[in-house]
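Reproduced below: work30.pdb, with PDB, C-alpha atoms.
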```pdb
MODEL        1
ATOM      1  CA  MET V   1     -57.112 253.721 148.932
ATOM      2  CA  ARG V   2     -53.738 255.244 149.782
ATOM      3  CA  SER V   3     -54.222 254.401 153.473
ATOM      4  CA  ILE V   4     -55.008 250.784 152.591
ATOM      5  CA  LEU V   5     -51.866 250.517 150.466
ATOM      6  CA  LEU V   6     -49.783 251.986 153.264
ATOM      7  CA  ALA V   7     -51.277 249.528 155.740
ATOM      8  CA  VAL V   8     -50.513 246.586 153.414
ATOM      9  CA  ALA V   9     -46.955 247.832 152.905
ATOM     10  CA  ALA V  10     -46.457 248.164 156.647
ATOM     11  CA  THR V  11     -47.763 244.639 157.212
ATOM     12  CA  LEU V  12     -45.425 243.243 154.546
ATOM     13  CA  ALA V  13     -42.470 245.110 156.035
ATOM     14  CA  LEU V  14     -43.145 243.628 159.453
ATOM     15  CA  SER V  15     -43.339 240.106 158.018
ATOM     16  CA  LEU V  16     -40.039 240.337 156.125
ATOM     17  CA  PRO V  17     -36.724 239.676 157.891
ATOM     18  CA  ALA V  18     -34.678 242.749 158.679
ATOM     19  CA  LYS V  19     -31.795 243.298 156.285
ATOM     20  CA  ALA V  20     -28.492 242.475 157.947
ATOM     21  CA  ASP V  21     -26.063 245.365 158.403
ATOM     22  CA  ASN V  22     -22.748 245.456 156.585
ATOM     23  CA  VAL V  23     -20.185 243.624 158.723
ATOM     24  CA  THR V  24     -16.633 242.311 158.622
ATOM     25  CA  VAL V  25     -15.701 238.930 160.107
ATOM     26  CA  ALA V  26     -12.004 238.055 160.245
ATOM     27  CA  VAL V  27     -11.033 234.373 160.531
ATOM     28  CA  THR V  28      -7.584 232.951 161.193
ATOM     29  CA  ALA V  29      -6.219 229.444 161.717
ATOM     30  CA  ILE V  30      -2.813 228.175 162.799
ATOM     31  CA  VAL V  31      -2.646 225.959 159.707
ATOM     32  CA  GLU V  32      -4.873 224.678 156.908
ATOM     33  CA  HIS V  33      -6.061 221.074 157.019
ATOM     34  CA  PRO V  34      -9.457 219.450 156.312
ATOM     35  CA  ALA V  35     -10.892 219.759 159.840
ATOM     36  CA  LEU V  36     -10.013 223.438 160.282
ATOM     37  CA  ASP V  37     -11.094 224.211 156.714
ATOM     38  CA  ALA V  38     -14.459 222.579 157.491
ATOM     39  CA  VAL V  39     -14.839 224.799 160.559
ATOM     40  CA  ARG V  40     -14.276 227.898 158.450
ATOM     41  CA  LYS V  41     -16.845 226.776 155.870
ATOM     42  CA  GLY V  42     -19.373 226.070 158.615
ATOM     43  CA  VAL V  43     -18.935 229.595 160.007
ATOM     44  CA  LEU V  44     -19.361 231.190 156.579
ATOM     45  CA  ASP V  45     -22.415 229.092 155.679
ATOM     46  CA  THR V  46     -24.098 230.003 158.975
ATOM     47  CA  LEU V  47     -23.447 233.683 158.389
ATOM     48  CA  THR V  48     -24.907 233.354 154.889
ATOM     49  CA  ALA V  49     -28.030 231.632 156.241
ATOM     50  CA  ALA V  50     -28.441 234.488 158.747
ATOM     51  CA  GLY V  51     -28.455 237.067 155.946
ATOM     52  CA  TYR V  52     -24.778 238.044 155.924
ATOM     53  CA  LYS V  53     -23.718 237.365 152.347
ATOM     54  CA  GLU V  54     -20.127 237.615 151.197
ATOM     55  CA  GLY V  55     -19.703 240.286 148.536
ATOM     56  CA  GLU V  56     -22.970 241.981 149.500
ATOM     57  CA  ASN V  57     -23.108 242.933 153.178
ATOM     58  CA  LEU V  58     -20.312 240.678 154.513
ATOM     59  CA  LYS V  59     -16.566 241.041 154.193
ATOM     60  CA  PHE V  60     -15.150 237.641 155.166
ATOM     61  CA  MET V  61     -11.391 237.722 155.709
ATOM     62  CA  PHE V  62      -9.173 234.682 156.214
ATOM     63  CA  GLU V  63      -5.482 234.275 157.014
ATOM     64  CA  SER V  64      -3.533 231.086 157.780
ATOM     65  CA  ALA V  65      -0.398 231.150 159.942
ATOM     66  CA  GLN V  66       0.979 228.145 158.012
ATOM     67  CA  GLY V  67       1.917 226.449 161.274
ATOM     68  CA  ASN V  68       4.065 229.337 162.511
ATOM     69  CA  PRO V  69       3.171 230.853 165.949
ATOM     70  CA  ALA V  70       5.068 234.055 165.097
ATOM     71  CA  THR V  71       2.940 234.447 161.970
ATOM     72  CA  ALA V  72      -0.183 233.777 164.052
ATOM     73  CA  ALA V  73       0.770 236.675 166.325
ATOM     74  CA  GLN V  74       1.398 238.913 163.302
ATOM     75  CA  ILE V  75      -2.014 238.059 161.819
ATOM     76  CA  ALA V  76      -3.677 238.734 165.182
ATOM     77  CA  ARG V  77      -2.089 242.190 165.387
ATOM     78  CA  GLN V  78      -3.097 242.905 161.784
ATOM     79  CA  PHE V  79      -6.726 241.975 162.439
ATOM     80  CA  ALA V  80      -6.792 243.969 165.678
ATOM     81  CA  GLY V  81      -5.569 247.007 163.756
ATOM     82  CA  GLU V  82      -8.200 246.614 161.033
ATOM     83  CA  GLY V  83     -11.069 246.498 163.551
ATOM     84  CA  PRO V  84     -13.504 243.903 162.180
ATOM     85  CA  ASN V  85     -16.834 243.336 163.906
ATOM     86  CA  VAL V  86     -15.768 239.877 165.103
ATOM     87  CA  ILE V  87     -12.540 237.873 164.974
ATOM     88  CA  VAL V  88     -12.819 234.066 164.800
ATOM     89  CA  PRO V  89      -9.535 232.286 165.616
ATOM     90  CA  ILE V  90      -9.578 228.566 164.814
ATOM     91  CA  SER V  91      -7.283 226.425 167.036
ATOM     92  CA  THR V  92      -5.612 227.130 170.365
ATOM     93  CA  PRO V  93      -2.432 228.875 169.099
ATOM     94  CA  SER V  94      -4.406 231.279 166.918
ATOM     95  CA  ALA V  95      -6.893 231.946 169.719
ATOM     96  CA  GLN V  96      -4.096 232.734 172.169
ATOM     97  CA  ALA V  97      -2.547 235.148 169.678
ATOM     98  CA  VAL V  98      -5.831 236.951 168.986
ATOM     99  CA  VAL V  99      -6.897 237.208 172.633
ATOM    100  CA  SER V 100      -3.491 238.717 173.460
ATOM    101  CA  SER V 101      -3.915 241.312 170.706
ATOM    102  CA  THR V 102      -7.274 242.910 171.510
ATOM    103  CA  ARG V 103      -9.409 243.739 174.520
ATOM    104  CA  ASP V 104     -12.111 245.516 172.530
ATOM    105  CA  ILE V 105     -13.008 243.539 169.400
ATOM    106  CA  PRO V 106     -15.342 240.574 170.047
ATOM    107  CA  VAL V 107     -13.480 237.259 169.757
ATOM    108  CA  VAL V 108     -15.203 233.912 169.133
ATOM    109  CA  PHE V 109     -12.610 231.141 169.285
ATOM    110  CA  THR V 110     -13.308 227.629 168.067
ATOM    111  CA  ALA V 111     -11.683 224.173 167.903
ATOM    112  CA  VAL V 112     -10.007 224.822 171.253
ATOM    113  CA  SER V 113      -9.941 221.851 173.635
ATOM    114  CA  ASP V 114      -9.235 223.595 176.944
ATOM    115  CA  PRO V 115     -10.119 227.321 176.829
ATOM    116  CA  VAL V 116      -9.517 227.803 180.567
ATOM    117  CA  GLY V 117      -6.200 225.948 180.541
ATOM    118  CA  ALA V 118      -5.123 227.967 177.498
ATOM    119  CA  GLN V 119      -5.971 231.128 179.499
ATOM    120  CA  LEU V 120      -8.450 232.376 176.930
ATOM    121  CA  VAL V 121     -11.248 232.751 179.495
ATOM    122  CA  LYS V 122     -11.476 232.627 183.276
ATOM    123  CA  SER V 123     -14.431 230.235 183.264
ATOM    124  CA  MET V 124     -16.623 228.413 180.778
ATOM    125  CA  ASP V 125     -19.900 229.718 182.252
ATOM    126  CA  LYS V 126     -18.887 233.369 182.585
ATOM    127  CA  PRO V 127     -16.024 234.133 180.195
ATOM    128  CA  GLY V 128     -16.261 237.913 180.674
ATOM    129  CA  GLY V 129     -14.538 240.595 178.634
ATOM    130  CA  ASN V 130     -14.598 240.392 174.849
ATOM    131  CA  VAL V 131     -14.105 236.632 174.458
ATOM    132  CA  THR V 132     -16.269 233.535 174.125
ATOM    133  CA  GLY V 133     -16.317 230.524 171.851
ATOM    134  CA  LEU V 134     -16.617 226.806 171.337
ATOM    135  CA  SER V 135     -14.564 223.982 172.821
ATOM    136  CA  ASP V 136     -13.923 220.731 170.980
ATOM    137  CA  MET V 137     -12.700 218.812 174.022
ATOM    138  CA  SER V 138     -12.297 215.250 172.828
ATOM    139  CA  PRO V 139     -14.210 212.387 174.489
ATOM    140  CA  VAL V 140     -10.903 210.747 175.459
ATOM    141  CA  ALA V 141     -12.400 207.988 177.615
ATOM    142  CA  GLU V 142     -14.548 206.930 174.653
ATOM    143  CA  HIS V 143     -11.493 206.994 172.391
ATOM    144  CA  ILE V 144      -9.666 204.604 174.706
ATOM    145  CA  ALA V 145     -12.694 202.325 174.855
ATOM    146  CA  LEU V 146     -12.834 202.278 171.045
ATOM    147  CA  ILE V 147      -9.137 201.403 170.747
ATOM    148  CA  LYS V 148      -9.572 198.577 173.269
ATOM    149  CA  GLU V 149     -12.621 197.293 171.423
ATOM    150  CA  ILE V 150     -10.668 197.141 168.154
ATOM    151  CA  LEU V 151      -7.415 195.948 169.777
ATOM    152  CA  PRO V 152      -8.352 193.845 172.851
ATOM    153  CA  ASP V 153      -4.688 193.045 173.610
ATOM    154  CA  VAL V 154      -3.490 196.655 173.613
ATOM    155  CA  LYS V 155      -1.274 197.534 176.587
ATOM    156  CA  THR V 156       0.492 200.745 175.575
ATOM    157  CA  ILE V 157      -0.774 203.749 173.605
ATOM    158  CA  GLY V 158       1.688 206.016 171.809
ATOM    159  CA  TYR V 159       0.746 209.685 171.941
ATOM    160  CA  LEU V 160       1.951 211.696 168.942
ATOM    161  CA  TYR V 161       1.759 215.446 169.551
ATOM    162  CA  ASN V 162       3.329 218.897 169.436
ATOM    163  CA  SER V 163       4.638 219.601 172.934
ATOM    164  CA  GLY V 164       4.405 223.330 172.213
ATOM    165  CA  GLU V 165       0.650 223.284 171.609
ATOM    166  CA  ALA V 166      -1.293 223.923 174.830
ATOM    167  CA  ASN V 167      -4.288 222.016 173.496
ATOM    168  CA  SER V 168      -2.231 218.832 173.080
ATOM    169  CA  VAL V 169      -0.505 219.158 176.455
ATOM    170  CA  SER V 170      -3.910 219.398 178.153
ATOM    171  CA  LEU V 171      -5.153 216.370 176.244
ATOM    172  CA  LEU V 172      -2.048 214.394 177.246
ATOM    173  CA  ALA V 173      -2.930 214.873 180.911
ATOM    174  CA  VAL V 174      -6.501 213.711 180.248
ATOM    175  CA  LEU V 175      -5.270 210.720 178.232
ATOM    176  CA  LYS V 176      -2.894 209.593 180.967
ATOM    177  CA  ALA V 177      -5.632 209.781 183.585
ATOM    178  CA  GLU V 178      -8.144 207.865 181.466
ATOM    179  CA  ALA V 179      -5.558 205.312 180.333
ATOM    180  CA  GLU V 180      -4.643 204.557 183.940
ATOM    181  CA  LYS V 181      -8.307 203.852 184.698
ATOM    182  CA  ALA V 182      -8.349 201.446 181.731
ATOM    183  CA  GLY V 183      -5.143 199.719 182.809
ATOM    184  CA  LEU V 184      -3.087 201.104 179.926
ATOM    185  CA  LYS V 185       0.233 202.926 179.706
ATOM    186  CA  VAL V 186       0.949 206.003 177.595
ATOM    187  CA  VAL V 187       4.259 206.730 175.881
ATOM    188  CA  GLU V 188       4.677 210.071 174.175
ATOM    189  CA  SER V 189       6.595 211.281 171.153
ATOM    190  CA  ALA V 190       6.735 214.957 170.233
ATOM    191  CA  ALA V 191       7.104 216.825 166.953
ATOM    192  CA  THR V 192       7.302 220.604 167.163
ATOM    193  CA  LYS V 193       6.899 221.114 163.414
ATOM    194  CA  SER V 194       5.394 219.177 160.524
ATOM    195  CA  ALA V 195       8.796 218.098 159.193
ATOM    196  CA  GLU V 196       9.400 216.169 162.426
ATOM    197  CA  VAL V 197       6.149 214.151 162.369
ATOM    198  CA  GLN V 198       7.476 211.134 160.498
ATOM    199  CA  GLY V 199      10.516 210.851 162.770
ATOM    200  CA  ALA V 200       8.390 211.212 165.883
ATOM    201  CA  THR V 201       6.148 208.415 164.614
ATOM    202  CA  ARG V 202       9.148 206.123 164.037
ATOM    203  CA  ALA V 203      10.190 206.758 167.638
ATOM    204  CA  LEU V 204       7.014 204.956 168.766
ATOM    205  CA  VAL V 205       7.722 201.764 166.794
ATOM    206  CA  GLY V 206       8.485 198.966 169.254
ATOM    207  CA  ARG V 207       7.361 201.093 172.197
ATOM    208  CA  ALA V 208       3.603 201.209 171.629
ATOM    209  CA  ASP V 209       0.832 198.828 170.560
ATOM    210  CA  ALA V 210      -1.150 201.632 168.917
ATOM    211  CA  ILE V 211      -0.752 205.312 168.099
ATOM    212  CA  TYR V 212      -3.264 207.955 169.151
ATOM    213  CA  VAL V 213      -3.195 211.329 167.408
ATOM    214  CA  PRO V 214      -5.134 214.059 169.248
ATOM    215  CA  THR V 215      -6.653 217.159 167.642
ATOM    216  CA  ASP V 216      -3.118 218.472 167.180
ATOM    217  CA  ASN V 217      -2.765 220.780 164.201
ATOM    218  CA  THR V 218       0.944 220.127 163.681
ATOM    219  CA  ILE V 219       0.529 216.357 163.516
ATOM    220  CA  ILE V 220      -2.682 216.451 161.485
ATOM    221  CA  SER V 221      -1.148 218.811 158.927
ATOM    222  CA  ALA V 222       1.488 216.117 158.189
ATOM    223  CA  LEU V 223      -0.624 213.055 158.937
ATOM    224  CA  GLU V 224       0.355 211.213 155.764
ATOM    225  CA  GLY V 225       3.920 210.905 157.070
ATOM    226  CA  ALA V 226       2.682 209.286 160.277
ATOM    227  CA  VAL V 227       0.351 206.977 158.345
ATOM    228  CA  ALA V 228       3.201 205.808 156.109
ATOM    229  CA  VAL V 229       5.229 204.735 159.161
ATOM    230  CA  ALA V 230       2.185 203.084 160.744
ATOM    231  CA  GLU V 231       1.483 201.046 157.603
ATOM    232  CA  GLU V 232       5.120 200.043 157.173
ATOM    233  CA  SER V 233       5.404 198.996 160.823
ATOM    234  CA  LYS V 234       1.912 197.484 161.142
ATOM    235  CA  LEU V 235       1.349 199.862 164.045
ATOM    236  CA  PRO V 236      -2.375 200.757 164.260
ATOM    237  CA  LEU V 237      -2.978 204.514 164.156
ATOM    238  CA  PHE V 238      -6.108 206.198 165.498
ATOM    239  CA  THR V 239      -7.098 209.856 165.437
ATOM    240  CA  ALA V 240      -9.397 212.064 167.481
ATOM    241  CA  ASP V 241     -10.270 213.979 164.312
ATOM    242  CA  THR V 242     -12.848 212.240 162.097
ATOM    243  CA  ASP V 243     -11.726 214.134 158.978
ATOM    244  CA  SER V 244      -8.356 212.373 159.284
ATOM    245  CA  VAL V 245      -9.825 208.891 158.812
ATOM    246  CA  SER V 246     -10.088 209.352 155.042
ATOM    247  CA  ARG V 247      -6.384 210.260 155.087
ATOM    248  CA  GLY V 248      -5.360 206.910 156.518
ATOM    249  CA  SER V 249      -6.166 206.498 160.201
ATOM    250  CA  ILE V 250      -8.100 203.386 161.235
ATOM    251  CA  ALA V 251     -10.921 205.081 163.113
ATOM    252  CA  ALA V 252     -12.005 208.194 164.956
ATOM    253  CA  LEU V 253     -14.832 209.053 167.276
ATOM    254  CA  GLY V 254     -15.407 212.748 167.360
ATOM    255  CA  PHE V 255     -16.994 215.832 165.922
ATOM    256  CA  ASN V 256     -18.026 216.679 162.425
ATOM    257  CA  TYR V 257     -15.964 219.855 162.136
ATOM    258  CA  TYR V 258     -18.317 221.439 159.630
ATOM    259  CA  ASP V 259     -20.974 221.205 162.359
ATOM    260  CA  VAL V 260     -18.473 222.697 164.822
ATOM    261  CA  GLY V 261     -18.147 225.628 162.414
ATOM    262  CA  LYS V 262     -21.913 226.029 162.196
ATOM    263  CA  GLN V 263     -22.217 226.042 165.988
ATOM    264  CA  THR V 264     -19.452 228.670 166.087
ATOM    265  CA  GLY V 265     -21.254 230.704 163.447
ATOM    266  CA  ASP V 266     -24.369 230.740 165.599
ATOM    267  CA  ILE V 267     -22.382 232.488 168.352
ATOM    268  CA  VAL V 268     -20.920 234.982 165.849
ATOM    269  CA  VAL V 269     -24.439 235.844 164.635
ATOM    270  CA  ARG V 270     -25.607 236.446 168.214
ATOM    271  CA  ILE V 271     -22.772 238.946 168.697
ATOM    272  CA  LEU V 272     -23.427 240.655 165.364
ATOM    273  CA  LYS V 273     -27.021 241.126 166.540
ATOM    274  CA  GLY V 274     -25.871 242.888 169.691
ATOM    275  CA  GLU V 275     -25.047 240.368 172.424
ATOM    276  CA  ASN V 276     -21.942 240.853 174.536
ATOM    277  CA  PRO V 277     -19.426 238.009 174.050
ATOM    278  CA  GLY V 278     -18.441 238.023 177.705
ATOM    279  CA  ASP V 279     -22.043 237.191 178.639
ATOM    280  CA  ILE V 280     -22.219 234.143 176.339
ATOM    281  CA  ALA V 281     -21.099 230.923 178.029
ATOM    282  CA  VAL V 282     -18.394 228.934 176.278
ATOM    283  CA  LYS V 283     -19.996 225.824 174.835
ATOM    284  CA  VAL V 284     -18.625 222.354 174.213
ATOM    285  CA  ALA V 285     -19.344 221.271 170.657
ATOM    286  CA  ALA V 286     -22.248 218.889 170.207
ATOM    287  CA  GLY V 287     -22.279 215.741 168.120
ATOM    288  CA  SER V 288     -20.174 212.609 167.907
ATOM    289  CA  ASP V 289     -19.501 210.642 164.723
ATOM    290  CA  LEU V 290     -17.763 207.270 164.408
ATOM    291  CA  VAL V 291     -15.792 207.020 161.176
ATOM    292  CA  VAL V 292     -13.827 203.889 160.246
ATOM    293  CA  ASN V 293     -11.436 203.046 157.412
ATOM    294  CA  LYS V 294     -11.383 199.333 156.517
ATOM    295  CA  GLY V 295      -8.599 199.792 153.974
ATOM    296  CA  ALA V 296      -6.337 201.560 156.459
ATOM    297  CA  ALA V 297      -7.051 198.899 159.065
ATOM    298  CA  ALA V 298      -6.018 196.138 156.647
ATOM    299  CA  LYS V 299      -2.773 197.938 155.794
ATOM    300  CA  MET V 300      -1.929 198.098 159.496
ATOM    301  CA  GLY V 301      -2.798 194.459 160.119
ATOM    302  CA  VAL V 302      -6.117 195.070 161.878
ATOM    303  CA  THR V 303      -9.541 193.533 161.279
ATOM    304  CA  LEU V 304     -12.342 195.798 162.434
ATOM    305  CA  PRO V 305     -14.895 193.963 164.626
ATOM    306  CA  GLN V 306     -18.494 193.870 163.457
ATOM    307  CA  SER V 307     -19.567 195.648 166.653
ATOM    308  CA  VAL V 308     -17.655 198.717 165.472
ATOM    309  CA  LEU V 309     -18.650 198.479 161.817
ATOM    310  CA  SER V 310     -22.337 198.168 162.682
ATOM    311  CA  ARG V 311     -22.481 201.474 164.564
ATOM    312  CA  ALA V 312     -20.150 203.499 162.334
ATOM    313  CA  THR V 313     -21.733 206.644 160.947
ATOM    314  CA  LYS V 314     -19.354 206.457 157.978
ATOM    315  CA  THR V 315     -17.274 203.583 156.596
ATOM    316  CA  ILE V 316     -14.392 204.072 154.180
ATOM    317  CA  ASP V 317     -13.356 201.047 152.130
TER
ENDMDL
END
```
Taking this structure as input, can you express it in the form of structure tokens?
Amino acid sequence: MRSILLAVAATLALSLPAKADNVTVAVTAIVEHPALDAVRKGVLDTLTAAGYKEGENLKFMFESAQGNPATAAQIARQFAGEGPNVIVPISTPSAQAVVSSTRDIPVVFTAVSDPVGAQLVKSMDKPGGNVTGLSDMSPVAEHIALIKEILPDVKTIGYLYNSGEANSVSLLAVLKAEAEKAGLKVVESAATKSAEVQGATRALVGRADAIYVPTDNTIISALEGAVAVAEESKLPLFTADTDSVSRGSIAALGFNYYDVGKQTGDIVVRILKGENPGDIAVKVAAGSDLVVNKGAAAKMGVTLPQSVLSRATKTID
């Protein structure tokens, strides 16, 4: 009888998932705004689904740099000193700070457009060392096509960005190349901190037919200031970040950043289970949502064509 019970117990043990070890995951972001917050939630939810539960066997740490690169560097050094199992920097500035601070702790960056250009990894296929992650390189050519579909007479696109953010500088080069192919010009206006966003937006009035905001954390953190100028000037404003559409941009074609977080979490789980980050290829985030805001369009003097409304994955009135 005892042998039968032991055999049943052994069978049950084999069928049950192994209990996850106690781990610490440290997350940092250059600033807090809806898209980056959604990434963080996606990471945490994926860890929870994999058996790493906060307060039980998971210590989940988070620090925001509040838009300050010096603070980002300080947070990176703090995390490196505390030695978590994995560090997850969200955004290019935070990723650069973390990668500069440790050569030993696994790093999984996310929401970084150009990981090679930002010097986080040597190549996407074979990152090497202690670093891998997820790129959210925007489908810029599709963004231009969307703007032209909504505004057939557009000639000049205003690019609103932080010239100190490597991600946005890389995207500017891509935008210029794609705009040239589409017969459009690009004029740029820079804001190096959130307090300058409204002024930088005003600098585009009379110079551009539409404004394009990339996945730039400085601009997105103060998007309402840019939207106010766009509404007042009847200057259509588009974003690369879909979470910004509910905050007043006309439309965006891009990623669901909660899904970006879940895809990032999958990589974190692989490392927690023993894989070497340097052997995991850097991935480009999957998924593309079209979100439109009819109310914002009306305030900026734009009527959204039915061709756009009919394929939108989400419409805000």
* Within 9 Å of segment 189-202 of chain V using only C-alpha atoms, minus same-chain residues under 6 positions, as a PyMOL selection string -> chain V and resi 67-68+158-165+211+218-230+233
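Of note, atom CA of Ala70 of chain V and atom CA of Pro34 of chain V are spaced 22.4 Å apart.
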* Please write the residues picked by the PyMOL selection byres ((chain V and resi 54-66) around 6) on this file as a ChimeraX atom specification. => /V:22-31,52-53,67-68,71-72
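Rounded to one decimal, atom CA of Val108 of chain V and atom CA of Asp289 of chain V lie 24.1 Å from each other.
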* Asked: Just so the selection is clear, what residues does the PyMOL selection byres ((chain V and resi 184) around 12) cover here, as a ChimeraX atom specification?
  -> /V:141,144-145,147-148,152-158,175-183,185-187,208-210
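Distances to Pro115 of chain V were evaluated for V:Leu134, V:Ala312, V:Leu151, V:Ala240 using all atoms listed in the file, and the minimum falls at V:Leu134.
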* Asked: So what does the PyMOL selection byres ((chain V and resi 243) around 8) actually pick up in this one, as a PyMOL selection string?
  -> chain V and resi 34-35+241-242+244-247+256-257
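For the pair atom CA of Val302 of chain V and atom CA of Leu171 of chain V, the interatomic distance is 25.7 Å.
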* Asked: Pick the closest to Arg270 of chain V from V:Ala173, V:Val112, V:Val86, V:Ala38: which is it, counting all atoms listed in the file?
  -> V:Val86
Mind working out the centre and edge lengths of an axis-aligned box for segment 123-135 of chain V, all listed atoms inside, 6 Å added to each side, rounded to one decimal in Å and written as JSON?
```
{"center_x": -17.0, "center_y": 232.3, "center_z": 177.3, "size_x": 17.8, "size_y": 28.6, "size_z": 23.9}
```
* Around (-25.4, 239.8, 159.1) in the file's frame, which residues reach within 6 Å when counting all atoms listed in the file? Return as a list in words? -> Ala20, Asp21, Gly51 and Tyr52 of chain V
Quick one: residues within 8 Å of Val98 of chain V, all atoms listed in the file, excluding same-chain residues fewer than 5 positions away - as a compact mmCIF listing (two decimals) with C-alpha atoms, keeping the file's coordinate frame?
```
# COMPACT_ATOMS: atom_id res chain seq x y z
CA ALA V 73 0.77 236.68 166.32
CA ALA V 76 -3.68 238.73 165.18
CA ARG V 77 -2.09 242.19 165.39
CA ALA V 80 -6.79 243.97 165.68
CA ILE V 87 -12.54 237.87 164.97
CA PRO V 89 -9.54 232.29 165.62
CA VAL V 107 -13.48 237.26 169.76
```
* To do: Check the smallest atom-to-atom distance from each of V:Gly117, V:Gly129, V:Pro214, V:Pro139 to Gly287 of chain V using only C-alpha atoms, then report the winner.
  => V:Pro139
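For the residues V:Pro69, V:Leu235, V:Val260, V:Ala286, ranking by smallest atom-to-atom distance to Gly301 of chain V using all atoms listed in the file places V:Leu235 first.
In terms of minimum interatomic distance to Thr48 of chain V, V:Gly265 ranks closest within V:Gly274, V:Pro84, V:Pro127, V:Gly265, counting only C-alpha atoms.
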Using all atoms listed in the file - which residues lie no farther than 8 Å from the point (-10.3, 225.1, 168.9) in the file's frame? Write them as a PDB file with C-alpha atoms, in the coordinates of the input.
```pdb
ATOM      1  CA  PRO V  89      -9.535 232.286 165.616  1.00  0.00           C
ATOM      2  CA  ILE V  90      -9.578 228.566 164.814  1.00  0.00           C
ATOM      3  CA  SER V  91      -7.283 226.425 167.036  1.00  0.00           C
ATOM      4  CA  THR V  92      -5.612 227.130 170.365  1.00  0.00           C
ATOM      5  CA  ALA V  95      -6.893 231.946 169.719  1.00  0.00           C
ATOM      6  CA  PHE V 109     -12.610 231.141 169.285  1.00  0.00           C
ATOM      7  CA  THR V 110     -13.308 227.629 168.067  1.00  0.00           C
ATOM      8  CA  ALA V 111     -11.683 224.173 167.903  1.00  0.00           C
ATOM      9  CA  VAL V 112     -10.007 224.822 171.253  1.00  0.00           C
ATOM     10  CA  SER V 113      -9.941 221.851 173.635  1.00  0.00           C
ATOM     11  CA  LEU V 134     -16.617 226.806 171.337  1.00  0.00           C
ATOM     12  CA  SER V 135     -14.564 223.982 172.821  1.00  0.00           C
ATOM     13  CA  ASP V 136     -13.923 220.731 170.980  1.00  0.00           C
TER      14      ASP V 136
END
```
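With all atoms listed in the file as the basis for measurement, V:Asn167 is the residue among V:Asn167, V:Ser94, V:Gln74, V:Thr132 that approaches Ala118 of chain V most closely.
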Coords for segment 280-284 of chain V, all heavy atoms, as a PDB file, in the first residue's frame:
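Okay, this is what ended up in result-v6.pdb:
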```
ATOM      1  N   ILE V 280      20.434  35.318 -26.518  1.00  0.00           N
ATOM      2  CA  ILE V 280      19.047  35.548 -26.936  1.00  0.00           C
ATOM      3  C   ILE V 280      19.009  36.736 -27.892  1.00  0.00           C
ATOM      4  O   ILE V 280      19.361  37.853 -27.526  1.00  0.00           O
ATOM      5  CB  ILE V 280      18.133  35.821 -25.723  1.00  0.00           C
ATOM      6  CG1 ILE V 280      18.157  34.635 -24.751  1.00  0.00           C
ATOM      7  CG2 ILE V 280      16.706  36.107 -26.178  1.00  0.00           C
ATOM      8  CD1 ILE V 280      17.394  34.879 -23.454  1.00  0.00           C
ATOM      9  N   ALA V 281      18.599  36.503 -29.116  1.00  0.00           N
ATOM     10  CA  ALA V 281      18.554  37.579 -30.116  1.00  0.00           C
ATOM     11  C   ALA V 281      17.605  38.686 -29.674  1.00  0.00           C
ATOM     12  O   ALA V 281      16.567  38.419 -29.073  1.00  0.00           O
ATOM     13  CB  ALA V 281      18.116  37.024 -31.466  1.00  0.00           C
ATOM     14  N   VAL V 282      17.994  39.916 -29.964  1.00  0.00           N
ATOM     15  CA  VAL V 282      17.118  41.059 -29.707  1.00  0.00           C
ATOM     16  C   VAL V 282      15.952  40.985 -30.690  1.00  0.00           C
ATOM     17  O   VAL V 282      16.146  40.830 -31.896  1.00  0.00           O
ATOM     18  CB  VAL V 282      17.877  42.389 -29.888  1.00  0.00           C
ATOM     19  CG1 VAL V 282      16.926  43.576 -29.703  1.00  0.00           C
ATOM     20  CG2 VAL V 282      19.039  42.469 -28.897  1.00  0.00           C
ATOM     21  N   LYS V 283      14.758  41.098 -30.169  1.00  0.00           N
ATOM     22  CA  LYS V 283      13.565  41.004 -31.009  1.00  0.00           C
ATOM     23  C   LYS V 283      12.972  42.385 -31.269  1.00  0.00           C
ATOM     24  O   LYS V 283      13.160  43.316 -30.481  1.00  0.00           O
ATOM     25  CB  LYS V 283      12.510  40.125 -30.329  1.00  0.00           C
ATOM     26  CG  LYS V 283      12.919  38.659 -30.192  1.00  0.00           C
ATOM     27  CD  LYS V 283      11.781  37.848 -29.606  1.00  0.00           C
ATOM     28  CE  LYS V 283      12.145  36.368 -29.527  1.00  0.00           C
ATOM     29  NZ  LYS V 283      11.032  35.557 -28.970  1.00  0.00           N
ATOM     30  N   VAL V 284      12.253  42.499 -32.377  1.00  0.00           N
ATOM     31  CA  VAL V 284      11.447  43.684 -32.635  1.00  0.00           C
ATOM     32  C   VAL V 284      10.025  43.344 -32.215  1.00  0.00           C
ATOM     33  O   VAL V 284       9.501  42.292 -32.566  1.00  0.00           O
ATOM     34  CB  VAL V 284      11.473  44.095 -34.116  1.00  0.00           C
ATOM     35  CG1 VAL V 284      10.560  45.287 -34.364  1.00  0.00           C
ATOM     36  CG2 VAL V 284      12.905  44.426 -34.535  1.00  0.00           C
TER      37      VAL V 284
END
```
